[in-house]
>>> print(open('my_file_29.cif').read())   # mmCIF, N, CA and C atoms
data_work
#
loop_
_atom_site.label_atom_id
_atom_site.label_comp_id
_atom_site.auth_asym_id
_atom_site.auth_seq_id
_atom_site.Cartn_x
_atom_site.Cartn_y
_atom_site.Cartn_z
N MET A 1 99.98 2.54 74.55
CA MET A 1 99.13 2.96 75.64
C MET A 1 99.76 2.55 76.97
N VAL A 2 99.55 3.37 77.95
CA VAL A 2 100.00 3.08 79.30
C VAL A 2 98.82 2.48 80.06
N LYS A 3 99.06 1.39 80.76
CA LYS A 3 98.01 0.79 81.58
C LYS A 3 98.25 1.15 83.02
N ALA A 4 97.17 1.48 83.73
CA ALA A 4 97.30 1.87 85.13
C ALA A 4 96.09 1.40 85.92
N ILE A 5 96.35 1.01 87.13
CA ILE A 5 95.26 0.71 88.06
C ILE A 5 95.19 1.90 89.00
N ILE A 6 94.01 2.50 89.11
CA ILE A 6 93.87 3.71 89.93
C ILE A 6 92.77 3.52 90.96
N GLU A 7 92.88 4.29 92.02
CA GLU A 7 91.82 4.35 93.01
C GLU A 7 91.22 5.74 92.96
N ILE A 8 89.90 5.81 92.83
CA ILE A 8 89.22 7.10 92.78
C ILE A 8 88.06 7.09 93.77
N SER A 9 87.65 8.27 94.13
CA SER A 9 86.52 8.41 95.05
C SER A 9 85.21 8.09 94.32
N PRO A 10 84.16 7.81 95.08
CA PRO A 10 82.85 7.59 94.45
C PRO A 10 82.40 8.80 93.62
N GLU A 11 82.73 10.00 94.09
CA GLU A 11 82.36 11.22 93.35
C GLU A 11 83.08 11.29 92.01
N ALA A 12 84.37 10.98 92.01
CA ALA A 12 85.13 10.98 90.76
C ALA A 12 84.60 9.92 89.80
N ASN A 13 84.21 8.78 90.34
CA ASN A 13 83.63 7.71 89.54
C ASN A 13 82.33 8.19 88.87
N ARG A 14 81.51 8.91 89.63
CA ARG A 14 80.26 9.47 89.06
C ARG A 14 80.57 10.44 87.93
N VAL A 15 81.58 11.29 88.14
CA VAL A 15 81.97 12.26 87.09
C VAL A 15 82.41 11.51 85.84
N LEU A 16 83.23 10.48 86.01
CA LEU A 16 83.67 9.70 84.84
C LEU A 16 82.49 9.07 84.12
N ASN A 17 81.53 8.55 84.87
CA ASN A 17 80.35 7.96 84.25
C ASN A 17 79.53 9.00 83.50
N ILE A 18 79.43 10.20 84.04
CA ILE A 18 78.69 11.28 83.37
C ILE A 18 79.40 11.68 82.08
N VAL A 19 80.72 11.88 82.15
CA VAL A 19 81.49 12.25 80.95
C VAL A 19 81.37 11.14 79.91
N LYS A 20 81.50 9.91 80.35
CA LYS A 20 81.39 8.76 79.45
C LYS A 20 80.05 8.76 78.72
N ALA A 21 78.97 8.98 79.44
CA ALA A 21 77.64 8.99 78.83
C ALA A 21 77.44 10.22 77.94
N ARG A 22 77.79 11.38 78.45
CA ARG A 22 77.56 12.63 77.71
C ARG A 22 78.35 12.68 76.40
N GLU A 23 79.59 12.19 76.44
CA GLU A 23 80.43 12.22 75.24
C GLU A 23 80.33 10.95 74.40
N GLU A 24 79.42 10.06 74.82
CA GLU A 24 79.18 8.79 74.11
C GLU A 24 80.46 7.99 73.93
N LEU A 25 81.21 7.86 75.05
CA LEU A 25 82.46 7.11 75.04
C LEU A 25 82.18 5.67 75.46
N LYS A 26 83.05 4.76 75.04
CA LYS A 26 82.83 3.35 75.33
C LYS A 26 83.35 2.92 76.69
N THR A 27 84.41 3.58 77.16
CA THR A 27 85.04 3.14 78.41
C THR A 27 85.34 4.33 79.33
N LYS A 28 85.61 4.01 80.59
CA LYS A 28 86.04 5.05 81.52
C LYS A 28 87.42 5.55 81.15
N SER A 29 88.23 4.69 80.55
CA SER A 29 89.54 5.13 80.07
C SER A 29 89.36 6.25 79.03
N GLY A 30 88.35 6.09 78.19
CA GLY A 30 88.05 7.13 77.21
C GLY A 30 87.62 8.42 77.88
N ALA A 31 86.89 8.30 78.98
CA ALA A 31 86.45 9.48 79.73
C ALA A 31 87.65 10.19 80.37
N ILE A 32 88.58 9.41 80.91
CA ILE A 32 89.79 10.02 81.49
C ILE A 32 90.58 10.72 80.41
N GLU A 33 90.74 10.08 79.25
CA GLU A 33 91.46 10.67 78.12
C GLU A 33 90.77 11.97 77.68
N TRP A 34 89.44 11.94 77.57
CA TRP A 34 88.69 13.12 77.16
C TRP A 34 88.92 14.26 78.17
N LEU A 35 88.83 13.94 79.47
CA LEU A 35 89.04 14.97 80.49
C LEU A 35 90.44 15.56 80.42
N ALA A 36 91.44 14.72 80.19
CA ALA A 36 92.82 15.21 80.09
C ALA A 36 92.98 16.14 78.89
N LYS A 37 92.43 15.76 77.75
CA LYS A 37 92.52 16.61 76.56
C LYS A 37 91.75 17.91 76.74
N HIS A 38 90.57 17.82 77.33
CA HIS A 38 89.75 19.01 77.58
C HIS A 38 90.48 19.96 78.52
N HIS A 39 91.09 19.41 79.55
CA HIS A 39 91.84 20.23 80.51
C HIS A 39 93.01 20.92 79.81
N ALA A 40 93.71 20.18 78.96
CA ALA A 40 94.85 20.76 78.25
C ALA A 40 94.40 21.90 77.33
N LYS A 41 93.25 21.73 76.67
CA LYS A 41 92.74 22.77 75.78
C LYS A 41 92.33 24.01 76.55
N THR A 42 91.71 23.83 77.71
CA THR A 42 91.23 24.98 78.47
C THR A 42 92.35 25.67 79.23
N HIS A 43 93.48 25.01 79.36
CA HIS A 43 94.65 25.58 80.03
C HIS A 43 95.82 25.58 79.04
N GLU A 44 95.59 26.16 77.87
CA GLU A 44 96.54 26.03 76.77
C GLU A 44 97.90 26.66 77.05
N GLY A 45 98.00 27.53 78.06
CA GLY A 45 99.29 28.10 78.39
C GLY A 45 100.19 27.12 79.12
N MET A 46 99.60 26.03 79.60
CA MET A 46 100.39 25.03 80.32
C MET A 46 101.17 24.19 79.33
N GLU A 47 102.43 23.93 79.67
CA GLU A 47 103.23 23.05 78.84
C GLU A 47 103.54 21.80 79.64
N ILE A 48 103.48 20.69 78.96
CA ILE A 48 103.84 19.44 79.59
C ILE A 48 105.22 19.06 79.08
N ALA A 49 106.18 19.06 79.98
CA ALA A 49 107.55 18.77 79.59
C ALA A 49 107.73 17.27 79.38
N THR A 50 108.43 16.94 78.32
CA THR A 50 108.77 15.54 78.09
C THR A 50 110.05 15.22 78.84
N ARG A 51 110.35 13.97 78.96
CA ARG A 51 111.58 13.55 79.62
C ARG A 51 112.79 14.15 78.92
N LYS A 52 112.75 14.19 77.58
CA LYS A 52 113.85 14.76 76.80
C LYS A 52 114.03 16.24 77.14
N ASP A 53 112.92 16.98 77.26
CA ASP A 53 112.99 18.40 77.63
C ASP A 53 113.63 18.57 79.00
N LEU A 54 113.25 17.72 79.94
CA LEU A 54 113.79 17.81 81.29
C LEU A 54 115.28 17.49 81.31
N GLN A 55 115.69 16.49 80.52
CA GLN A 55 117.11 16.15 80.46
C GLN A 55 117.91 17.30 79.88
N LEU A 56 117.40 17.93 78.83
CA LEU A 56 118.09 19.06 78.23
C LEU A 56 118.19 20.22 79.21
N HIS A 57 117.11 20.51 79.92
CA HIS A 57 117.11 21.57 80.92
C HIS A 57 118.13 21.27 82.01
N HIS A 58 118.19 20.03 82.44
CA HIS A 58 119.13 19.62 83.49
C HIS A 58 120.57 19.80 83.01
N ARG A 59 120.86 19.39 81.76
CA ARG A 59 122.23 19.55 81.23
C ARG A 59 122.61 21.03 81.14
N ARG A 60 121.68 21.86 80.70
CA ARG A 60 121.97 23.29 80.59
C ARG A 60 122.24 23.89 81.97
N ALA A 61 121.48 23.45 82.97
CA ALA A 61 121.69 23.95 84.31
C ALA A 61 123.05 23.53 84.85
N LEU A 62 123.50 22.34 84.52
CA LEU A 62 124.78 21.85 85.01
C LEU A 62 125.97 22.43 84.25
N TYR A 63 125.85 22.51 82.94
CA TYR A 63 127.01 22.85 82.11
C TYR A 63 126.93 24.22 81.42
N GLY A 64 125.83 24.89 81.62
CA GLY A 64 125.72 26.24 81.06
C GLY A 64 125.21 26.30 79.71
#
>>> encode(input="my_file_29.cif", output="structure tokens")
Amino acid sequence: MVKAIIEISPEANRVLNIVKAREELKTKSGAIEWLAKHHAKTHEGMEIATRKDLQLHHRRALYG
């Protein structure tokens, strides 16, 4: 797991609390994780490139 300290607006905090309660999650971290997964599912055409993918793309651009 990656640990991060974040700053969010009061409105974003309210949204996290709502998601946490509605989805019966234990922590706000769980709410952030749920939102990220939900976003990925609803935008399934989006690809998230890994570092390895980016390195390969960079090598191909440089060397053909």
>>> atom_distance(input="my_file_29.cif", atom1="atom CA of A:Lys28", atom2="atom C of A:Ile8")
12.6 Å
>>> atom_distance(input="my_file_29.cif", atom1="atom N of A:Glu7", atom2="atom N of A:His38")
20.1 Å
>>> residues_near_point(input="my_file_29.cif", point="(87.5, 15.0, 80.3)", cutoff="12 Å", atoms="only C-alpha atoms", output="list in words")
Ala12, Val15, Leu16, Asn17, Ile18, Val19, Lys20, Ala21, Arg22, Glu23, Leu25, Lys28, Ser29, Gly30, Ala31, Ile32, Glu33, Trp34, Leu35, Ala36, Lys37, His38, His39, Ala40, Lys41 and Thr42 of chain A
>>> atom_distance(input="my_file_29.cif", atom1="atom CA of A:Arg14", atom2="atom C of A:Thr27")
12.1 Å
>>> select_by_dssp(input="my_file_29.cif", residues="chain A", states="alpha helix (DSSP H)", output="VMD selection string")
chain A and resid 10 to 22 28 to 42 51 to 63
>>> axis_aligned_box(input="my_file_29.cif", around="stretch 17-26 of chain A", padding_each_side="8 Å", output="JSON")
{"center_x": 80.4, "center_y": 7.8, "center_z": 79.4, "size_x": 21.9, "size_y": 25.8, "size_z": 26.9}
